[in-house]
Structure formats: structure tokens, C-alpha cells
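Below is the file structure-v8.pdb, which contains PDB, C-alpha atoms.
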ATOM      1  CA  MET T  18      27.382  -7.331 -25.866
ATOM      2  CA  GLY T  19      26.685  -4.296 -23.787
ATOM      3  CA  TYR T  20      28.507  -1.066 -23.430
ATOM      4  CA  GLY T  21      30.607  -1.627 -20.336
ATOM      5  CA  ALA T  22      29.024  -0.839 -17.011
ATOM      6  CA  ASP T  23      32.360  -0.682 -15.223
ATOM      7  CA  ALA T  24      31.851   2.918 -14.299
ATOM      8  CA  ILE T  25      34.461   5.100 -12.715
ATOM      9  CA  ALA T  26      34.125   7.428  -9.774
ATOM     10  CA  LEU T  27      33.563  10.984 -10.875
ATOM     11  CA  SER T  28      33.386  14.180  -8.943
ATOM     12  CA  PRO T  29      29.807  15.473  -8.686
ATOM     13  CA  PRO T  30      28.711  18.180 -11.122
ATOM     14  CA  PHE T  31      29.837  21.516  -9.900
ATOM     15  CA  ALA T  32      28.287  24.930 -10.006
ATOM     16  CA  LEU T  33      29.048  26.469 -13.351
ATOM     17  CA  ARG T  34      29.555  29.970 -12.137
ATOM     18  CA  ALA T  35      31.748  29.087  -9.200
ATOM     19  CA  ALA T  36      34.050  26.533 -10.751
ATOM     20  CA  THR T  37      34.191  27.229 -14.458
ATOM     21  CA  PHE T  38      34.461  30.971 -14.373
ATOM     22  CA  GLY T  39      35.230  31.731 -10.779
ATOM     23  CA  ARG T  40      33.167  34.911 -10.804
ATOM     24  CA  THR T  41      29.604  36.125 -10.823
ATOM     25  CA  PRO T  42      27.957  36.136 -14.272
ATOM     26  CA  LYS T  43      27.239  39.507 -15.792
ATOM     27  CA  ARG T  44      25.048  38.477 -18.709
ATOM     28  CA  PRO T  45      22.781  35.542 -17.884
ATOM     29  CA  MET T  46      21.741  33.523 -20.904
ATOM     30  CA  ASP T  47      18.329  34.287 -22.378
ATOM     31  CA  GLU T  48      16.198  32.106 -24.645
ATOM     32  CA  ALA T  49      17.586  33.457 -27.929
ATOM     33  CA  LYS T  50      21.189  32.995 -26.814
ATOM     34  CA  PHE T  51      20.393  29.535 -25.543
ATOM     35  CA  GLU T  52      18.882  28.632 -28.904
ATOM     36  CA  ALA T  53      22.011  29.787 -30.738
ATOM     37  CA  PHE T  54      24.241  27.839 -28.349
ATOM     38  CA  TYR T  55      21.992  24.765 -28.584
ATOM     39  CA  ARG T  56      22.054  24.770 -32.388
ATOM     40  CA  LYS T  57      25.855  24.725 -32.311
ATOM     41  CA  THR T  58      26.279  22.184 -29.513
ATOM     42  CA  ALA T  59      23.361  19.741 -29.510
ATOM     43  CA  ARG T  60      24.386  17.616 -32.492
ATOM     44  CA  PRO T  61      28.028  16.976 -31.477
ATOM     45  CA  LEU T  62      26.890  16.419 -27.906
ATOM     46  CA  TRP T  63      24.291  13.880 -29.021
ATOM     47  CA  SER T  64      26.965  12.092 -31.097
ATOM     48  CA  TYR T  65      29.235  11.937 -28.055
ATOM     49  CA  ILE T  66      26.506  10.532 -25.797
ATOM     50  CA  PHE T  67      25.403   8.096 -28.492
ATOM     51  CA  ARG T  68      28.964   6.799 -29.036
ATOM     52  CA  MET T  69      29.329   6.469 -25.261
ATOM     53  CA  THR T  70      26.058   4.609 -24.641
ATOM     54  CA  GLY T  71      25.362   2.928 -27.982
ATOM     55  CA  ASN T  72      21.666   3.658 -27.586
ATOM     56  CA  SER T  73      19.863   6.454 -29.418
ATOM     57  CA  ALA T  74      16.926   6.640 -26.968
ATOM     58  CA  THR T  75      19.354   6.972 -24.059
ATOM     59  CA  ALA T  76      21.273   9.604 -26.010
ATOM     60  CA  ASP T  77      18.037  11.589 -26.536
ATOM     61  CA  ASP T  78      17.176  11.326 -22.855
ATOM     62  CA  LEU T  79      20.637  12.274 -21.571
ATOM     63  CA  LEU T  80      20.895  15.152 -24.035
ATOM     64  CA  GLN T  81      17.695  16.661 -22.622
ATOM     65  CA  LYS T  82      18.886  16.157 -19.054
ATOM     66  CA  THR T  83      22.200  17.794 -19.890
ATOM     67  CA  PHE T  84      20.503  20.901 -21.255
ATOM     68  CA  PHE T  85      18.051  21.013 -18.336
ATOM     69  CA  ARG T  86      21.006  21.112 -15.970
ATOM     70  CA  PHE T  87      22.716  23.657 -18.165
ATOM     71  CA  ILE T  88      19.729  26.022 -18.076
ATOM     72  CA  ARG T  89      19.241  25.465 -14.345
ATOM     73  CA  SER T  90      22.856  26.506 -13.731
ATOM     74  CA  ASN T  91      21.919  29.925 -15.163
ATOM     75  CA  PRO T  92      25.095  30.222 -17.218
ATOM     76  CA  ALA T  93      26.651  33.518 -18.108
ATOM     77  CA  ILE T  94      28.005  34.169 -21.564
ATOM     78  CA  VAL T  95      31.642  34.650 -20.761
ATOM     79  CA  ASN T  96      33.268  32.241 -23.159
ATOM     80  CA  GLU T  97      31.449  29.835 -25.455
ATOM     81  CA  ASP T  98      34.258  27.267 -25.181
ATOM     82  CA  HIS T  99      33.721  27.153 -21.423
ATOM     83  CA  LEU T 100      30.009  26.615 -21.908
ATOM     84  CA  ARG T 101      30.698  23.871 -24.419
ATOM     85  CA  HIS T 102      33.129  22.243 -22.016
ATOM     86  CA  TYR T 103      30.511  22.508 -19.270
ATOM     87  CA  VAL T 104      27.822  20.668 -21.265
ATOM     88  CA  PHE T 105      30.286  17.924 -22.234
ATOM     89  CA  LYS T 106      31.334  17.552 -18.602
ATOM     90  CA  THR T 107      27.694  17.388 -17.497
ATOM     91  CA  ALA T 108      26.908  14.841 -20.214
ATOM     92  CA  THR T 109      29.913  12.746 -19.147
ATOM     93  CA  ASN T 110      28.667  12.707 -15.562
ATOM     94  CA  LEU T 111      25.180  11.731 -16.683
ATOM     95  CA  VAL T 112      26.543   8.960 -18.912
ATOM     96  CA  PHE T 113      28.558   7.506 -16.037
ATOM     97  CA  ASP T 114      25.512   7.776 -13.746
ATOM     98  CA  HIS T 115      23.610   5.875 -16.432
ATOM     99  CA  PHE T 116      26.264   3.136 -16.479
ATOM    100  CA  ARG T 117      26.109   2.876 -12.682
ATOM    101  CA  GLU T 118      22.332   2.489 -12.926
ATOM    102  CA  ILE T 119      22.743  -0.246 -15.565
ATOM    103  CA  LYS T 120      25.288  -1.996 -13.375
ATOM    104  CA  ARG T 121      22.970  -1.779 -10.374
ATOM    105  CA  ARG T 122      20.097  -3.280 -12.352
ATOM    106  CA  ARG T 123      22.462  -5.702 -14.144
ATOM    107  CA  GLU T 124      21.017  -4.686 -17.502
ATOM    108  CA  HIS T 125      22.802  -4.771 -20.791
ATOM    109  CA  VAL T 126      21.684  -2.263 -23.330
ATOM    110  CA  PHE T 127      23.188  -2.186 -26.761
ATOM    111  CA  GLU T 128      21.380  -0.988 -29.810
ATOM    112  CA  ALA T 129      22.995  -2.706 -32.745
ATOM    113  CA  PRO T 130      22.609  -0.736 -35.956
ATOM    114  CA  VAL T 131      20.572  -2.429 -38.692
ATOM    115  CA  VAL T 132      22.953  -3.965 -41.225
ATOM    116  CA  SER T 133      21.822  -3.768 -44.823
ATOM    117  CA  SER T 134      24.953  -3.094 -46.886
ATOM    118  CA  SER T 135      28.718  -3.361 -46.679
ATOM    119  CA  HIS T 136      28.826   0.309 -45.723
ATOM    120  CA  ASP T 137      26.450  -0.358 -42.807
ATOM    121  CA  ASP T 138      28.530  -3.406 -41.967
ATOM    122  CA  LEU T 139      31.613  -1.220 -41.637
ATOM    123  CA  ARG T 140      29.731   1.278 -39.459
ATOM    124  CA  HIS T 141      28.462  -1.548 -37.309
ATOM    125  CA  ASP T 142      31.988  -2.929 -36.842
ATOM    126  CA  MET T 143      33.344   0.516 -35.975
ATOM    127  CA  MET T 144      30.651   0.978 -33.361
ATOM    128  CA  ARG T 145      31.242  -2.500 -31.945
ATOM    129  CA  ALA T 146      34.998  -1.975 -31.815
ATOM    130  CA  PHE T 147      34.561   1.328 -29.992
ATOM    131  CA  ALA T 148      32.064  -0.287 -27.611
ATOM    132  CA  GLU T 149      34.715  -2.773 -26.492
ATOM    133  CA  LEU T 150      36.601   0.017 -24.751
ATOM    134  CA  LYS T 151      35.813   0.923 -21.161
ATOM    135  CA  PRO T 152      33.493   3.936 -20.761
ATOM    136  CA  GLN T 153      36.338   6.063 -19.450
ATOM    137  CA  GLU T 154      38.516   5.164 -22.436
ATOM    138  CA  ARG T 155      35.707   6.004 -24.841
ATOM    139  CA  ALA T 156      35.211   9.374 -23.166
ATOM    140  CA  LEU T 157      38.960  10.062 -23.183
ATOM    141  CA  LEU T 158      39.422   9.254 -26.856
ATOM    142  CA  TRP T 159      36.293  11.087 -27.980
ATOM    143  CA  LEU T 160      37.078  14.234 -26.027
ATOM    144  CA  ALA T 161      40.715  14.245 -27.141
ATOM    145  CA  HIS T 162      40.367  13.309 -30.808
ATOM    146  CA  VAL T 163      36.887  14.446 -31.821
ATOM    147  CA  GLU T 164      36.229  17.374 -29.515
ATOM    148  CA  GLY T 165      39.872  18.447 -29.385
ATOM    149  CA  SER T 166      39.681  19.059 -25.637
ATOM    150  CA  SER T 167      42.846  19.911 -23.738
ATOM    151  CA  HIS T 168      44.248  17.605 -21.059
ATOM    152  CA  GLU T 169      42.969  20.014 -18.394
ATOM    153  CA  GLU T 170      39.460  19.918 -19.830
ATOM    154  CA  ILE T 171      39.502  16.121 -20.093
ATOM    155  CA  ALA T 172      40.766  15.829 -16.516
ATOM    156  CA  ASP T 173      38.018  18.131 -15.316
ATOM    157  CA  ALA T 174      35.312  16.267 -17.256
ATOM    158  CA  LEU T 175      36.437  12.854 -16.013
ATOM    159  CA  GLY T 176      37.375  13.886 -12.489
ATOM    160  CA  VAL T 177      40.982  12.735 -12.788
ATOM    161  CA  LYS T 178      44.340  14.475 -12.392
ATOM    162  CA  THR T 179      45.628  16.404 -15.390
ATOM    163  CA  LYS T 180      48.969  14.600 -15.149
ATOM    164  CA  SER T 181      47.209  11.225 -15.495
ATOM    165  CA  VAL T 182      45.417  12.127 -18.713
ATOM    166  CA  LYS T 183      48.475  11.690 -20.941
ATOM    167  CA  VAL T 184      49.151   8.169 -19.628
ATOM    168  CA  MET T 185      45.466   7.233 -19.711
ATOM    169  CA  LEU T 186      45.186   8.459 -23.283
ATOM    170  CA  PHE T 187      48.248   6.472 -24.324
ATOM    171  CA  ARG T 188      46.803   3.302 -22.783
ATOM    172  CA  ALA T 189      43.392   3.900 -24.344
ATOM    173  CA  ARG T 190      44.964   4.382 -27.784
ATOM    174  CA  LYS T 191      46.965   1.175 -27.405
ATOM    175  CA  ARG T 192      43.865  -0.752 -26.337
ATOM    176  CA  LEU T 193      41.880   0.613 -29.254
ATOM    177  CA  ALA T 194      44.712  -0.285 -31.640
ATOM    178  CA  VAL T 195      44.617  -3.894 -30.400
ATOM    179  CA  ILE T 196      40.837  -4.018 -30.807
ATOM    180  CA  LEU T 197      41.025  -2.489 -34.278
ATOM    181  CA  THR T 198      43.608  -5.068 -35.360
ATOM    182  CA  ARG T 199      41.274  -7.814 -34.129
ATOM    183  CA  TYR T 200      38.410  -6.307 -36.139
ATOM    184  CA  GLY T 201      40.602  -6.137 -39.231
ATOM    185  CA  PHE T 202      40.993  -2.373 -39.396
ATOM    186  CA  ALA T 203      44.528  -2.254 -40.790
ATOM    187  CA  ARG T 204      46.812   0.497 -39.542
ATOM    188  CA  THR T 205      47.914   2.848 -42.302
TER
ATOM    189  CA  MET Q  19      52.119  13.146 -32.926
ATOM    190  CA  ASP Q  20      53.427   9.557 -33.219
ATOM    191  CA  SER Q  21      52.068   7.027 -35.712
ATOM    192  CA  LEU Q  22      49.745   5.349 -33.180
ATOM    193  CA  GLU Q  23      48.263   8.685 -32.199
ATOM    194  CA  ARG Q  24      47.886   9.660 -35.853
ATOM    195  CA  ASP Q  25      46.162   6.389 -36.762
ATOM    196  CA  ILE Q  26      43.791   6.552 -33.804
ATOM    197  CA  ASP Q  27      43.067  10.188 -34.549
ATOM    198  CA  ALA Q  28      42.158   9.326 -38.152
ATOM    199  CA  TRP Q  29      40.001   6.398 -37.054
ATOM    200  CA  MET Q  30      38.212   8.442 -34.381
ATOM    201  CA  LYS Q  31      37.429  11.149 -36.922
ATOM    202  CA  GLN Q  32      36.074   8.456 -39.242
ATOM    203  CA  LEU Q  33      33.925   7.141 -36.400
ATOM    204  CA  ALA Q  34      32.676  10.644 -35.627
ATOM    205  CA  ALA Q  35      31.787  11.153 -39.284
ATOM    206  CA  ILE Q  36      29.399   8.182 -39.310
ATOM    207  CA  ASP Q  37      26.084   9.774 -39.981
ATOM    208  CA  HIS Q  38      23.511   9.282 -37.243
ATOM    209  CA  THR Q  39      20.754  11.802 -37.629
ATOM    210  CA  PRO Q  40      19.284  12.475 -34.225
ATOM    211  CA  ARG Q  41      15.823  13.941 -33.771
ATOM    212  CA  LEU Q  42      16.876  16.773 -31.546
ATOM    213  CA  PRO Q  43      14.236  18.400 -29.374
ATOM    214  CA  ASP Q  44      13.180  21.937 -30.151
ATOM    215  CA  PRO Q  45      15.367  24.376 -28.146
ATOM    216  CA  ASN Q  46      12.406  26.628 -27.302
ATOM    217  CA  SER Q  47      10.354  23.818 -25.801
ATOM    218  CA  LEU Q  48      13.460  22.625 -23.963
ATOM    219  CA  TRP Q  49      13.936  26.128 -22.541
ATOM    220  CA  VAL Q  50      10.280  26.392 -21.468
ATOM    221  CA  LYS Q  51      10.354  22.902 -19.899
ATOM    222  CA  ALA Q  52      13.566  23.705 -18.026
ATOM    223  CA  LYS Q  53      12.133  26.974 -16.728
ATOM    224  CA  LEU Q  54       8.943  25.183 -15.625
ATOM    225  CA  LEU Q  55      10.985  22.561 -13.807
ATOM    226  CA  GLN Q  56      13.026  25.339 -12.236
ATOM    227  CA  SER Q  57       9.952  27.183 -10.948
ATOM    228  CA  THR Q  58       8.380  23.942  -9.681
ATOM    229  CA  ALA Q  59      11.576  23.174  -7.784
ATOM    230  CA  ALA Q  60      11.643  26.720  -6.371
ATOM    231  CA  MET Q  61       8.026  26.395  -5.222
ATOM    232  CA  GLU Q  62       8.763  23.078  -3.566
ATOM    233  CA  ARG Q  63      11.749  24.601  -1.797
ATOM    234  CA  ALA Q  64       9.684  27.561  -0.612
ATOM    235  CA  SER Q  65       6.826  25.425   0.694
ATOM    236  CA  ARG Q  66       9.061  22.916   2.477
ATOM    237  CA  PRO Q  67       9.130  24.793   5.863
ATOM    238  CA  LEU Q  68       5.338  25.216   5.702
ATOM    239  CA  THR Q  69       4.866  21.495   5.074
ATOM    240  CA  ARG Q  70       7.140  20.681   8.005
ATOM    241  CA  PHE Q  71       5.179  23.066  10.222
ATOM    242  CA  GLN Q  72       1.913  21.448   9.072
ATOM    243  CA  ILE Q  73       3.162  17.957   9.921
ATOM    244  CA  ALA Q  74       4.353  19.172  13.329
ATOM    245  CA  ALA Q  75       0.915  20.728  13.944
ATOM    246  CA  TYR Q  76      -0.840  17.447  13.036
ATOM    247  CA  LEU Q  77       1.391  15.570  15.475
ATOM    248  CA  ILE Q  78       0.848  18.113  18.277
ATOM    249  CA  VAL Q  79      -2.949  18.111  17.816
ATOM    250  CA  ALA Q  80      -3.106  14.312  17.647
ATOM    251  CA  GLY Q  81      -0.872  14.054  20.725
ATOM    252  CA  GLY Q  82      -3.028  16.631  22.551
ATOM    253  CA  TRP Q  83      -6.219  14.729  21.855
ATOM    254  CA  ALA Q  84      -4.645  11.423  22.857
ATOM    255  CA  ALA Q  85      -3.329  12.888  26.115
ATOM    256  CA  LEU Q  86      -6.630  14.560  26.972
ATOM    257  CA  VAL Q  87      -8.721  11.473  26.261
ATOM    258  CA  THR Q  88      -6.337   9.214  28.186
ATOM    259  CA  TRP Q  89      -6.026  11.378  31.306
ATOM    260  CA  LYS Q  90      -9.620  12.577  31.555
ATOM    261  CA  TRP Q  91     -11.405   9.571  30.091
ATOM    262  CA  SER Q  92     -13.693   8.916  33.085
ATOM    263  CA  ALA Q  93     -14.791  12.580  33.360
ATOM    264  CA  LEU Q  94     -15.373  12.786  29.605
ATOM    265  CA  GLN Q  95     -17.301   9.503  29.557
ATOM    266  CA  ALA Q  96     -19.578  10.666  32.391
ATOM    267  CA  TRP Q  97     -20.110  13.979  30.626
ATOM    268  CA  ILE Q  98     -20.968  12.290  27.305
ATOM    269  CA  ASN Q  99     -23.357   9.855  29.073
ATOM    270  CA  SER Q 100     -25.238  12.802  30.537
ATOM    271  CA  PHE Q 101     -26.482  13.583  27.001
ATOM    272  CA  THR Q 102     -28.729  10.484  26.807
ATOM    273  CA  PRO Q 103     -32.501  11.293  26.356
ATOM    274  CA  ALA Q 104     -33.364   9.942  29.828
ATOM    275  CA  HIS Q 105     -30.813  12.214  31.517
ATOM    276  CA  ILE Q 106     -31.982  15.198  29.484
ATOM    277  CA  ILE Q 107     -35.645  14.655  30.459
ATOM    278  CA  MET Q 108     -34.694  14.196  34.097
ATOM    279  CA  GLY Q 109     -32.562  17.295  33.924
ATOM    280  CA  ALA Q 110     -35.460  19.273  32.449
ATOM    281  CA  ALA Q 111     -37.644  18.034  35.309
ATOM    282  CA  GLY Q 112     -35.234  19.636  37.703
ATOM    283  CA  ALA Q 113     -33.267  16.584  38.854
ATOM    284  CA  GLN Q 114     -29.509  17.037  39.387
ATOM    285  CA  THR Q 115     -28.259  14.421  36.908
ATOM    286  CA  ALA Q 116     -25.949  16.150  34.395
ATOM    287  CA  GLN Q 117     -22.261  15.751  35.020
ATOM    288  CA  SER Q 118     -20.296  18.960  34.770
ATOM    289  CA  LEU Q 119     -16.794  19.356  33.455
ATOM    290  CA  SER Q 120     -14.118  21.313  35.225
ATOM    291  CA  LEU Q 121     -13.428  24.719  33.690
ATOM    292  CA  THR Q 122      -9.856  23.742  32.832
ATOM    293  CA  LEU Q 123     -10.942  20.626  30.976
ATOM    294  CA  LEU Q 124     -13.649  22.565  29.158
ATOM    295  CA  MET Q 125     -11.150  25.215  28.095
ATOM    296  CA  ALA Q 126      -8.706  22.535  26.987
ATOM    297  CA  LEU Q 127     -11.439  20.865  24.924
ATOM    298  CA  ILE Q 128     -12.437  24.162  23.304
ATOM    299  CA  ALA Q 129      -8.827  25.116  22.573
ATOM    300  CA  LEU Q 130      -7.943  21.730  21.085
ATOM    301  CA  GLY Q 131     -11.177  21.642  19.091
ATOM    302  CA  SER Q 132     -10.508  25.108  17.652
ATOM    303  CA  VAL Q 133      -6.956  24.202  16.666
ATOM    304  CA  THR Q 134      -8.213  21.005  14.997
ATOM    305  CA  VAL Q 135     -10.859  22.901  13.003
ATOM    306  CA  MET Q 136      -8.326  25.591  11.981
ATOM    307  CA  LEU Q 137      -5.825  22.953  10.894
ATOM    308  CA  ALA Q 138      -8.501  21.131   8.896
ATOM    309  CA  PHE Q 139      -9.523  24.367   7.153
ATOM    310  CA  HIS Q 140      -5.905  25.234   6.426
ATOM    311  CA  THR Q 141      -5.294  21.785   4.920
ATOM    312  CA  ILE Q 142      -8.426  21.988   2.735
ATOM    313  CA  LEU Q 143      -7.652  25.527   1.545
ATOM    314  CA  ALA Q 144      -3.990  24.702   0.912
ATOM    315  CA  GLU Q 145      -4.994  21.658  -1.161
ATOM    316  CA  GLU Q 146      -7.300  23.828  -3.259
TER
END
Would you mind writing the file out in C-alpha cells?
Amino acid sequence: MGYGADAIALSPPFALRAATFGRTPKRPMDEAKFEAFYRKTARPLWSYIFRMTGNSATADDLLQKTFFRFIRSNPAIVNEDHLRHYVFKTATNLVFDHFREIKRRREHVFEAPVVSSSHDDLRHDMMRAFAELKPQERALLWLAHVEGSSHEEIADALGVKTKSVKVMLFRARKRLAVILTRYGFART
Amino acid sequence: MDSLERDIDAWMKQLAAIDHTPRLPDPNSLWVKAKLLQSTAAMERASRPLTRFQIAAYLIVAGGWAALVTWKWSALQAWINSFTPAHIIMGAAGAQTAQSLSLTLLMALIALGSVTVMLAFHTILAEE
């Protein structure tokens, strides 16, 4: 089983200064500020990419690429939430590019976790259940429920209309509920 | 929040809590690498017009030589043949054997030769 390669069309990454803030940066990020931002963001970002791709090596690679792009965009420290949203949007674009590449090469990459106990078994099932969703649904659910992103932020990250996010989220939740029932995760 | 949303929210948080310890790269090395990549890209951008100019110069010089050799082949061949030892000895003895080139052709040869040498030097120095 591979993480779905049925990628969606996304808008290309946009210039951070122009689109996110709409004005010229006043305080460009230096190395120390980047380090502080990285320490706060890298781990949740890696988790997001890993849950999206199911492959830790790919997650490592895409995480680095995301931060390379982030530094290259010469971000200004206006609002840390905006910066965080920017790296998640960039990572989303890179993940979908990765899926397109997989689809082009007709590869299937899925790194199944090593199962050694019932706890690992549960983790494995949770990962497999989540992997059954389409990439867009995974991104939607992760951004909404784990990252707590607003509908506007999700729409921007996925390149869809804000109005569509609510419906898409509802459908994704319903699909996940069906999958979870099949995997025996009882609803509380 | 309806019950479906609540259940999915709880499950997603459970999924997010699964411990996967990534080996994150060092932020300082990431910063240095990114800056290096940035400066390499900037250098490439800056040298792009020069590279284009160099390619155009190669094409012009090659075209110039091809045109000159094609149009003046017989004159050039006769001139080159006049450098054989027999012709040189006869020439030294006072016989009128050496072929002469027209001034225009000679100038064209000198000009094209100079441009070729300059271009070769530029390429070698730029490589170094």
C-alpha cells in the first residue's frame, strides 16, 4: 500500500513578503532568530510531512527543502504565526510535488513501522488508516485538527477557495470515520 | 463541534501524539547551507549574460573562420603551398614563386586570428 499519488493541483509557492504580509520586511531574519524559529517549528513540521508521506527519509528531505526555501525567501519577523503558516504551506507544496513525482515514476513508497508489541500494532494501524485518505484529505485534517489552522490558512496552503474548506473538511472527516470503523477504532 | 468532528479531533490528536523521534538537522548548518546555495544561485544569475555572450562569440568566430575558408579557399591553399621547402629555396634564389595574399584577406586573417586567441585566453582564465 502506498500513500496515494493522486495529487491535486496547487498554486505555486508565492513570495513570502508580497503575499503573506503585503509589505516590505523591516527586520530580516538573522541566524539566531532562525534558530529560535526552527527549534519551535521543525518538529511539528516534520511530523506533518511524515504523516503525509509515511516515509521518514522523505520527511527529512522535504523538511530541509522547506527550510531552504524559507531562508531564501528572506522572511521578515512580522508575526510568527504567519511564518509558521508559510513553512506549512511550503511543506504542503513540496509534499504534493513529491506525490506528483511518485505518480510520474509509478513508484509506491510506504515505510511500514516495525511491529513489536500491541502498542506498536495500534500505532501501525493508525498510520495505515490515515494513509488510506487522499493526500489532500490528510493535509486538511492535519492542518485543521493538529495545527489548528483557520479555514483561510488551509485554503491558502492547499490552493483552494476558503468557502470550499468547510465542505472538504466535512467529507474528509466522514471518510476517515468510515475507515476508522473498518479498522475497528470504535467511535466514543 | 458535532460528535463526528469531536471524535475525529480526538483521534487526530492521538495520531499526532504518536512518538516519532526525528533526527532533525542542526539549524546552524541548515542556515549556512541555505546561504551557500543562495550565493551560488546569485553567482549563476550574474554570470548568465557573460556565458551567453561567450557562446555567441564562439559561434561568430567559428562562422567567420568557416566563411573565410570557404570563400577564399583557393587563395589560401596557394598561399599555404608557397611555404614548401622547394618554394622557399626558389624564392631565396630570387625566383618569383611565392603567392601573395590580398591585403583585405590578410587583415581578415589577422583579425579573426586575434579574436580566436583572445577568446581562448578568456575561456582558460575564466575556467581558472
List the neighbours of region 129-145 of chain Q out to 8 Å using only C-alpha atoms; skip same-chain residues closer than 6 positions along the sequence, and give me the result as a PDB file with C-alpha atoms, in the frame of the given file.
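Final output, selection.pdb:
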ATOM      1  CA  ALA Q  75       0.915  20.728  13.944  1.00  0.00           C
ATOM      2  CA  TYR Q  76      -0.840  17.447  13.036  1.00  0.00           C
ATOM      3  CA  VAL Q  79      -2.949  18.111  17.816  1.00  0.00           C
ATOM      4  CA  GLY Q  82      -3.028  16.631  22.551  1.00  0.00           C
ATOM      5  CA  TRP Q  83      -6.219  14.729  21.855  1.00  0.00           C
TER       6      TRP Q  83
END
Point-to-point distance from CA of Ala104 (chain Q) to CA of Thr122 (chain Q), Å rounded to tenths: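 CA of Thr122 (chain Q) lies at a distance of 27.4 Å from CA of Ala104 (chain Q).
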- request: Pick out the residues sitting within 10 Å of Lys31 (chain Q), and hand them over as a list of chain:residue names; count only C-alpha atoms, and ignore anything fewer than 5 positions along from it in its own chain.
  value: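 Once the adjacent positions are removed, what remains is T:Trp159, T:His162, T:Val163, T:Glu164, Q:Asp25, Q:Ile26, Q:Ile36.
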- prompt: Which residues of chain Q are close to chain T, meaning at most 10 Å apart when you count all atoms listed in the file, and how do they look as number ranges by chain?
  reply: Q: 21-46, 48-53, 55-56
Could you pull the residues within 7 Å of Met69 (chain T), counting all atoms listed in the file, minus those fewer than 4 positions along the same chain, as a PDB file with C-alpha atoms, in the frame of the given file?
ATOM      1  CA  TYR T  65      29.235  11.937 -28.055  1.00  0.00           C
ATOM      2  CA  PRO T 152      33.493   3.936 -20.761  1.00  0.00           C
ATOM      3  CA  ARG T 155      35.707   6.004 -24.841  1.00  0.00           C
ATOM      4  CA  ALA T 156      35.211   9.374 -23.166  1.00  0.00           C
TER       5      ALA T 156
END
message: Report, in Å with one decimal, the straight-line distance from CA of Lys57 (chain T) to CA of Thr75 (chain T).
response: 20.6 Å
query: Between CA of Ala146 (chain T) and CA of Ile171 (chain T), what is the spacing in Å?
result: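 If I compute the distance from CA of Ile171 (chain T) to CA of Ala146 (chain T), I get 22.0 Å.
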message: Translate the PyMOL selection byres ((chain T and resi 172) around 12) into a concrete residue list for this structure, as a PyMOL selection string.
response: chain T and resi 27-28+102+106+109+153+156-157+160-161+166-171+173-186
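Minimum distance to Val104 (chain T) across T:Leu62, T:Arg117, T:Arg145, T:Asn72 (counting all atoms listed in the file) occurs at T:Leu62.
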Edge lengths and centre in Å to one decimal, as JSON, of the axis-aligned box that encloses all listed atoms of region 85-95 of chain T with 5 Å added on every side?
{"center_x": 24.8, "center_y": 27.8, "center_z": -17.6, "size_x": 23.6, "size_y": 23.6, "size_z": 17.8}
- request: Find the residue from T:Val195, T:Ala93, T:Val112, T:Leu150 that sits nearest to Thr70 (chain T); use only C-alpha atoms when measuring.
  value: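 For Thr70 (chain T), the nearest of the candidates is T:Val112.
Distance annotation: of Q:Ala111, Q:Leu68, Q:Ile106, Q:Leu94, the residue with the minimal separation from Leu123 (chain Q) is Q:Leu94; atom set is all atoms listed in the file.
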What would the selection look like, as a PDB file with C-alpha atoms, in the coordinates of the input, if the PyMOL selection byres ((chain Q and resi 88-93) around 12) were run on the coordinates I just shared?
ATOM      1  CA  GLY Q  81      -0.872  14.054  20.725  1.00  0.00           C
ATOM      2  CA  GLY Q  82      -3.028  16.631  22.551  1.00  0.00           C
ATOM      3  CA  TRP Q  83      -6.219  14.729  21.855  1.00  0.00           C
ATOM      4  CA  ALA Q  84      -4.645  11.423  22.857  1.00  0.00           C
ATOM      5  CA  ALA Q  85      -3.329  12.888  26.115  1.00  0.00           C
ATOM      6  CA  LEU Q  86      -6.630  14.560  26.972  1.00  0.00           C
ATOM      7  CA  VAL Q  87      -8.721  11.473  26.261  1.00  0.00           C
ATOM      8  CA  LEU Q  94     -15.373  12.786  29.605  1.00  0.00           C
ATOM      9  CA  GLN Q  95     -17.301   9.503  29.557  1.00  0.00           C
ATOM     10  CA  ALA Q  96     -19.578  10.666  32.391  1.00  0.00           C
ATOM     11  CA  TRP Q  97     -20.110  13.979  30.626  1.00  0.00           C
ATOM     12  CA  ILE Q  98     -20.968  12.290  27.305  1.00  0.00           C
ATOM     13  CA  ASN Q  99     -23.357   9.855  29.073  1.00  0.00           C
ATOM     14  CA  SER Q 100     -25.238  12.802  30.537  1.00  0.00           C
ATOM     15  CA  ALA Q 116     -25.949  16.150  34.395  1.00  0.00           C
ATOM     16  CA  GLN Q 117     -22.261  15.751  35.020  1.00  0.00           C
ATOM     17  CA  SER Q 118     -20.296  18.960  34.770  1.00  0.00           C
ATOM     18  CA  LEU Q 119     -16.794  19.356  33.455  1.00  0.00           C
ATOM     19  CA  SER Q 120     -14.118  21.313  35.225  1.00  0.00           C
ATOM     20  CA  THR Q 122      -9.856  23.742  32.832  1.00  0.00           C
ATOM     21  CA  LEU Q 123     -10.942  20.626  30.976  1.00  0.00           C
ATOM     22  CA  LEU Q 124     -13.649  22.565  29.158  1.00  0.00           C
ATOM     23  CA  ALA Q 126      -8.706  22.535  26.987  1.00  0.00           C
ATOM     24  CA  LEU Q 127     -11.439  20.865  24.924  1.00  0.00           C
TER      25      LEU Q 127
END
